[in-house]
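Novice: Dropping the structure in here first, questions after.
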Amino acid sequence: AIGRYGFWILVLAAKTWLSYNGLIYNMHEIVVNLKLSRIMREPRAEIVEYLMSPAWTRDVLEELTLWVGTLFLFFADTQLWFTIGCSVLGVIIVFFQRRCAICRFATEDSVAAIPSRFCAKVFPYVPGTKKRIPV
C-alpha cells in the first residue's frame, strides 16, 4: 500500500509541478501582459474609484474567465495524468507478476498458447482425475 501511495504522490507532484510551470505561470504572465485591473491589487485609495466602474467590472470578468478556464484545464489534465499513471502502474505490476519476463511477454504468441493453457487450467478438474476443485 505504501508503494502505491508513494507512486500516486510522485505522479501528482510531477503533474502539479508541470502544471505550475506550464499552465499557471504562463496564464499569470498573460494576465499581467493584458494590463487588466488586478482584483484586490489596486491601492486602497483608488479601489473606491475602480469598484463600480465599467472598466473594472469588465477586467474582473475577463480575469475570472481566464482563471476558471485554467482551473478546468488543471482538473481535466489531472484525469489524463491518472489514466497515464494507471497504465504505467499496470504495466509495472504485470511485469512484476510475470517475474520480469519481458522478452517472453513481447515475443510469445499468446493466441497459439490458448489450447495448452486451457488444458492445463481446466482439464485437471475433470471428474475421474486425481485433482479436485479446491472447496
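Labeling convention for the C-alpha cells: chains A, B, ... as they appear, residues from 1 per chain, ligands from 1 in order of appearance.
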Give me the residues near segment 67-79 of chain A as a list in words, where near means some atom within 10 Å (using only C-alpha atoms) and where sequence neighbours in that chain fewer than 4 positions away do not count.
Specialist: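 What passes the distance filter is Val11, Leu12, Lys15, Thr16, Ser19, Tyr20, Leu23, Ile24, Met27, His28, Val31, Leu61, Glu62, Glu63, Thr83, Ile84 and Gly85 of chain A.
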Novice: Let's have the selection written as a PDB file, in the first residue's frame, with N, CA and C atoms.
Specialist:
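The result, written out as result31.pdb:
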ATOM      1  N   VAL A  11       3.341  10.919  -8.950  1.00  0.00           N
ATOM      2  CA  VAL A  11       2.627  11.298 -10.175  1.00  0.00           C
ATOM      3  C   VAL A  11       1.948  12.651 -10.002  1.00  0.00           C
ATOM      4  N   LEU A  12       1.248  12.846  -8.902  1.00  0.00           N
ATOM      5  CA  LEU A  12       0.551  14.115  -8.690  1.00  0.00           C
ATOM      6  C   LEU A  12       1.519  15.264  -8.415  1.00  0.00           C
ATOM      7  N   LYS A  15       2.746  16.205 -11.838  1.00  0.00           N
ATOM      8  CA  LYS A  15       1.656  16.888 -12.532  1.00  0.00           C
ATOM      9  C   LYS A  15       1.516  18.327 -12.041  1.00  0.00           C
ATOM     10  N   THR A  16       1.550  18.514 -10.722  1.00  0.00           N
ATOM     11  CA  THR A  16       1.408  19.857 -10.159  1.00  0.00           C
ATOM     12  C   THR A  16       2.584  20.738 -10.555  1.00  0.00           C
ATOM     13  N   SER A  19       2.191  21.548 -14.213  1.00  0.00           N
ATOM     14  CA  SER A  19       1.054  22.450 -14.398  1.00  0.00           C
ATOM     15  C   SER A  19       1.408  23.862 -13.965  1.00  0.00           C
ATOM     16  N   TYR A  20       2.128  23.981 -12.857  1.00  0.00           N
ATOM     17  CA  TYR A  20       2.507  25.324 -12.410  1.00  0.00           C
ATOM     18  C   TYR A  20       3.436  25.987 -13.423  1.00  0.00           C
ATOM     19  N   LEU A  23       1.284  25.868 -17.173  1.00  0.00           N
ATOM     20  CA  LEU A  23      -0.054  26.426 -17.343  1.00  0.00           C
ATOM     21  C   LEU A  23      -0.285  27.644 -16.459  1.00  0.00           C
ATOM     22  N   ILE A  24      -0.108  27.494 -15.170  1.00  0.00           N
ATOM     23  CA  ILE A  24      -0.456  28.565 -14.236  1.00  0.00           C
ATOM     24  C   ILE A  24       0.498  29.745 -14.373  1.00  0.00           C
ATOM     25  N   MET A  27      -0.295  31.544 -17.597  1.00  0.00           N
ATOM     26  CA  MET A  27      -1.552  32.276 -17.510  1.00  0.00           C
ATOM     27  C   MET A  27      -1.372  33.557 -16.691  1.00  0.00           C
ATOM     28  N   HIS A  28      -0.588  33.478 -15.639  1.00  0.00           N
ATOM     29  CA  HIS A  28      -0.307  34.681 -14.844  1.00  0.00           C
ATOM     30  C   HIS A  28       0.406  35.728 -15.702  1.00  0.00           C
ATOM     31  N   VAL A  31      -2.130  37.363 -18.040  1.00  0.00           N
ATOM     32  CA  VAL A  31      -2.986  38.324 -17.330  1.00  0.00           C
ATOM     33  C   VAL A  31      -2.222  39.609 -17.051  1.00  0.00           C
ATOM     34  N   LEU A  61     -14.263  40.404 -14.913  1.00  0.00           N
ATOM     35  CA  LEU A  61     -14.897  39.290 -15.623  1.00  0.00           C
ATOM     36  C   LEU A  61     -13.921  38.595 -16.567  1.00  0.00           C
ATOM     37  N   GLU A  62     -13.090  39.371 -17.259  1.00  0.00           N
ATOM     38  CA  GLU A  62     -12.096  38.760 -18.155  1.00  0.00           C
ATOM     39  C   GLU A  62     -11.098  37.909 -17.369  1.00  0.00           C
ATOM     40  N   GLU A  63     -10.603  38.451 -16.267  1.00  0.00           N
ATOM     41  CA  GLU A  63      -9.615  37.704 -15.497  1.00  0.00           C
ATOM     42  C   GLU A  63     -10.235  36.454 -14.869  1.00  0.00           C
ATOM     43  N   THR A  83      -5.023   8.528 -15.826  1.00  0.00           N
ATOM     44  CA  THR A  83      -5.101   7.459 -16.818  1.00  0.00           C
ATOM     45  C   THR A  83      -3.710   6.964 -17.210  1.00  0.00           C
ATOM     46  N   ILE A  84      -2.808   7.889 -17.453  1.00  0.00           N
ATOM     47  CA  ILE A  84      -1.433   7.507 -17.804  1.00  0.00           C
ATOM     48  C   ILE A  84      -0.764   6.784 -16.629  1.00  0.00           C
ATOM     49  N   GLY A  85      -0.979   7.291 -15.410  1.00  0.00           N
ATOM     50  CA  GLY A  85      -0.406   6.646 -14.223  1.00  0.00           C
ATOM     51  C   GLY A  85      -0.923   5.236 -14.036  1.00  0.00           C
TER      52      GLY A  85
END
Novice: Do you have the atom CA of Phe96 of chain A-atom CA of Leu18 of chain A distance handy?
Specialist: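 For atom CA of Phe96 of chain A relative to atom CA of Leu18 of chain A, the distance reads 28.9 Å.
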Novice: Which is closest to Leu66 of chain A among A:Leu34, A:Ala45, A:Ala13, A:Met52, if we use only C-alpha atoms?
Specialist: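 Using only C-alpha atoms, the shortest distance to Leu66 of chain A belongs to A:Leu34.
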Novice: Please measure the separation of atom CA of Ala113 of chain A and atom CA of Gln97 of chain A, giving the value in Å to one decimal.
Specialist: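 These atoms are spaced 18.6 Å apart.
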Novice: Give the alpha helix (DSSP H) residues of chain A, as DSSP finds them on the backbone, and put them as a VMD selection string.
Specialist: chain A and resid 2 to 19 25 to 33 44 to 51 54 to 97 102 to 107 114 to 122
Novice: At what distance in Å, to one decimal, does atom CA of Phe7 of chain A lie from atom CA of Phe82 of chain A?
Specialist: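 About the pair atom CA of Phe82 of chain A and atom CA of Phe7 of chain A: they are 11.2 Å apart.
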